[in-house]
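> What follows is protein_25.cif, made up of mmCIF, C-alpha atoms:
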data_model
loop_
_atom_site.group_PDB
_atom_site.id
_atom_site.type_symbol
_atom_site.label_atom_id
_atom_site.label_comp_id
_atom_site.auth_asym_id
_atom_site.auth_seq_id
_atom_site.Cartn_x
_atom_site.Cartn_y
_atom_site.Cartn_z
ATOM 1 C CA MET A 1 163.464 112.186 184.466
ATOM 2 C CA LEU A 2 160.406 110.895 186.269
ATOM 3 C CA HIS A 3 158.314 108.104 184.852
ATOM 4 C CA SER A 4 154.708 107.582 185.700
ATOM 5 C CA MET A 5 154.005 104.151 187.164
ATOM 6 C CA SER A 6 150.633 102.620 187.619
ATOM 7 C CA THR A 7 149.763 101.880 191.234
ATOM 8 C CA THR A 8 146.880 99.613 190.334
ATOM 9 C CA VAL A 9 147.150 95.864 190.553
ATOM 10 C CA GLU A 10 146.285 93.917 187.448
ATOM 11 C CA ALA A 11 142.918 92.228 187.814
ATOM 12 C CA ALA A 12 143.416 88.541 188.545
ATOM 13 C CA SER A 13 147.200 88.638 188.475
ATOM 14 C CA GLU A 14 148.626 86.559 185.677
ATOM 15 C CA ARG A 15 151.656 85.634 187.784
ATOM 16 C CA SER A 16 151.699 83.406 190.822
ATOM 17 C CA ALA A 17 152.503 84.780 194.261
ATOM 18 C CA ALA A 18 155.768 82.813 194.131
ATOM 19 C CA GLU A 19 156.781 84.505 190.875
ATOM 20 C CA VAL A 20 156.024 87.959 192.244
ATOM 21 C CA ASN A 21 157.808 87.113 195.498
ATOM 22 C CA GLU A 22 160.932 86.171 193.534
ATOM 23 C CA GLU A 23 160.825 89.531 191.747
ATOM 24 C CA ILE A 24 160.526 91.288 195.126
ATOM 25 C CA ARG A 25 163.566 89.365 196.402
ATOM 26 C CA ALA A 26 165.523 90.233 193.242
ATOM 27 C CA LEU A 27 164.673 93.921 193.683
ATOM 28 C CA TRP A 28 166.053 93.847 197.237
ATOM 29 C CA ARG A 29 169.198 92.015 196.082
ATOM 30 C CA ARG A 30 169.809 94.574 193.301
ATOM 31 C CA SER A 31 169.247 97.480 195.677
ATOM 32 C CA GLY A 32 171.730 96.273 198.266
ATOM 33 C CA GLY A 33 169.093 96.690 200.970
ATOM 34 C CA THR A 34 168.278 100.367 200.374
ATOM 35 C CA LEU A 35 165.566 101.283 197.898
ATOM 36 C CA THR A 36 165.596 104.482 195.842
ATOM 37 C CA THR A 37 162.343 106.403 195.470
ATOM 38 C CA GLU A 38 161.742 104.701 192.126
ATOM 39 C CA GLN A 39 162.543 101.254 193.542
ATOM 40 C CA ARG A 40 160.240 101.884 196.513
ATOM 41 C CA ALA A 41 157.356 102.604 194.119
ATOM 42 C CA GLU A 42 158.144 99.369 192.257
ATOM 43 C CA TYR A 43 158.291 97.472 195.570
ATOM 44 C CA GLN A 44 154.884 98.806 196.601
ATOM 45 C CA ARG A 45 153.393 97.791 193.248
ATOM 46 C CA LEU A 46 154.904 94.318 193.560
ATOM 47 C CA VAL A 47 153.609 93.850 197.110
ATOM 48 C CA MET A 48 150.105 94.760 195.968
ATOM 49 C CA GLU A 49 150.412 92.320 193.064
ATOM 50 C CA TRP A 50 151.690 89.625 195.439
ATOM 51 C CA ALA A 51 148.754 90.197 197.808
ATOM 52 C CA ALA A 52 146.299 89.839 194.920
ATOM 53 C CA ALA A 53 147.968 86.607 193.773
ATOM 54 C CA ALA A 54 148.592 85.040 197.206
ATOM 55 C CA PRO A 55 146.327 82.219 198.296
ATOM 56 C CA ARG A 56 143.804 83.360 200.896
ATOM 57 C CA SER A 57 145.529 81.359 203.648
ATOM 58 C CA HIS A 58 148.681 83.495 203.267
ATOM 59 C CA ARG A 59 146.910 86.842 203.644
ATOM 60 C CA ALA A 60 146.634 88.654 206.948
ATOM 61 C CA ALA A 61 143.453 87.852 208.846
#
As structure tokens, what does this structure read like?


Amino acid sequence: MLHSMSTTVEAASERSAAEVNEEIRALWRRSGGTLTTEQRAEYQRLVMEWAAAAPRSHRAA
């Protein structure tokens, strides 16, 4: 069964970059280092959320 996931980042993320980063790390730990298609979609969503929440100095120039 496929579930539809939003690929949009919440406006003005309610979570800090550190909180999102911890969720990214937990996803990798749970996956054992290899992401399924569903986990990869979740990872991409989390990275976008992290980028929106990260302080400007931590973003790529």

> One decimal, Å: what's the distance from atom CA of Asn21 of chain A over to atom CA of Trp50 of chain A, could you say?

6.6 Å

> To one decimal place in Å, what is the distance between atom CA of Thr34 of chain A and atom CA of Val47 of chain A?

16.4 Å

> Which distance in Å separates atom CA of Thr36 of chain A and atom CA of Ala53 of chain A, to one decimal?

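These two atoms are separated by 25.2 Å.
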
> Got a minute to add all heavy atoms to segment 26-37 of chain A and dump it as a short mmCIF file (atom, residue, chain, number, x, y, z; two decimals), keeping the file's coordinate frame?


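What follows is the written file result-v4.cif:
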data_model
loop_
_atom_site.label_atom_id
_atom_site.label_comp_id
_atom_site.auth_asym_id
_atom_site.auth_seq_id
_atom_site.Cartn_x
_atom_site.Cartn_y
_atom_site.Cartn_z
N ALA A 26 164.51 89.76 194.19
CA ALA A 26 165.52 90.23 193.24
C ALA A 26 165.70 91.75 193.34
O ALA A 26 166.83 92.26 193.28
CB ALA A 26 165.14 89.83 191.82
N LEU A 27 164.61 92.47 193.52
CA LEU A 27 164.67 93.92 193.68
C LEU A 27 165.51 94.27 194.90
O LEU A 27 166.39 95.13 194.84
CB LEU A 27 163.26 94.51 193.81
CG LEU A 27 163.16 96.00 194.12
CD1 LEU A 27 163.77 96.83 193.00
CD2 LEU A 27 161.71 96.39 194.36
N TRP A 28 165.27 93.59 196.02
CA TRP A 28 166.05 93.85 197.24
C TRP A 28 167.52 93.50 197.03
O TRP A 28 168.41 94.21 197.51
CB TRP A 28 165.47 93.09 198.43
CG TRP A 28 164.30 93.82 199.03
CD1 TRP A 28 162.99 93.48 198.93
CD2 TRP A 28 164.35 95.01 199.81
NE1 TRP A 28 162.22 94.39 199.60
CE2 TRP A 28 163.02 95.34 200.15
CE3 TRP A 28 165.37 95.84 200.25
CZ2 TRP A 28 162.70 96.46 200.91
CZ3 TRP A 28 165.05 96.96 201.01
CH2 TRP A 28 163.73 97.26 201.32
N ARG A 29 167.80 92.39 196.34
CA ARG A 29 169.20 92.02 196.08
C ARG A 29 169.89 93.08 195.24
O ARG A 29 171.02 93.48 195.53
CB ARG A 29 169.28 90.66 195.38
CG ARG A 29 169.07 89.48 196.31
CD ARG A 29 169.42 88.15 195.64
NE ARG A 29 168.62 87.86 194.46
CZ ARG A 29 167.47 87.20 194.47
NH1 ARG A 29 166.95 86.77 195.61
NH2 ARG A 29 166.82 86.97 193.35
N ARG A 30 169.23 93.55 194.18
CA ARG A 30 169.81 94.57 193.30
C ARG A 30 170.05 95.88 194.04
O ARG A 30 171.01 96.58 193.76
CB ARG A 30 168.90 94.85 192.10
CG ARG A 30 168.89 93.79 191.05
CD ARG A 30 168.18 94.26 189.78
NE ARG A 30 166.89 94.87 190.01
CZ ARG A 30 165.73 94.23 190.03
NH1 ARG A 30 165.70 92.91 189.89
NH2 ARG A 30 164.60 94.87 190.22
N SER A 31 169.16 96.19 194.98
CA SER A 31 169.25 97.48 195.68
C SER A 31 170.31 97.49 196.76
O SER A 31 170.68 98.56 197.24
CB SER A 31 167.89 97.83 196.31
OG SER A 31 167.68 97.04 197.47
N GLY A 32 170.77 96.34 197.17
CA GLY A 32 171.73 96.27 198.27
C GLY A 32 171.10 96.59 199.61
O GLY A 32 171.80 96.91 200.56
N GLY A 33 169.78 96.50 199.69
CA GLY A 33 169.09 96.69 200.97
C GLY A 33 168.54 98.09 201.19
O GLY A 33 167.88 98.33 202.19
N THR A 34 168.82 99.01 200.26
CA THR A 34 168.28 100.37 200.37
C THR A 34 167.61 100.73 199.05
O THR A 34 168.27 100.77 198.02
CB THR A 34 169.40 101.39 200.67
OG1 THR A 34 170.07 101.00 201.87
CG2 THR A 34 168.84 102.79 200.84
N LEU A 35 166.32 100.98 199.11
CA LEU A 35 165.57 101.28 197.90
C LEU A 35 165.58 102.78 197.58
O LEU A 35 165.40 103.60 198.48
CB LEU A 35 164.11 100.82 198.04
CG LEU A 35 163.88 99.34 198.27
CD1 LEU A 35 162.40 99.07 198.50
CD2 LEU A 35 164.41 98.51 197.12
N THR A 36 165.75 103.10 196.30
CA THR A 36 165.60 104.48 195.84
C THR A 36 164.10 104.79 195.81
O THR A 36 163.26 103.89 195.96
CB THR A 36 166.17 104.66 194.43
OG1 THR A 36 165.40 103.87 193.52
CG2 THR A 36 167.64 104.27 194.36
N THR A 37 163.76 106.02 195.57
CA THR A 37 162.34 106.40 195.47
C THR A 37 161.65 105.60 194.37
O THR A 37 160.55 105.10 194.55
CB THR A 37 162.21 107.91 195.19
OG1 THR A 37 162.85 108.62 196.26
CG2 THR A 37 160.77 108.34 195.09
#
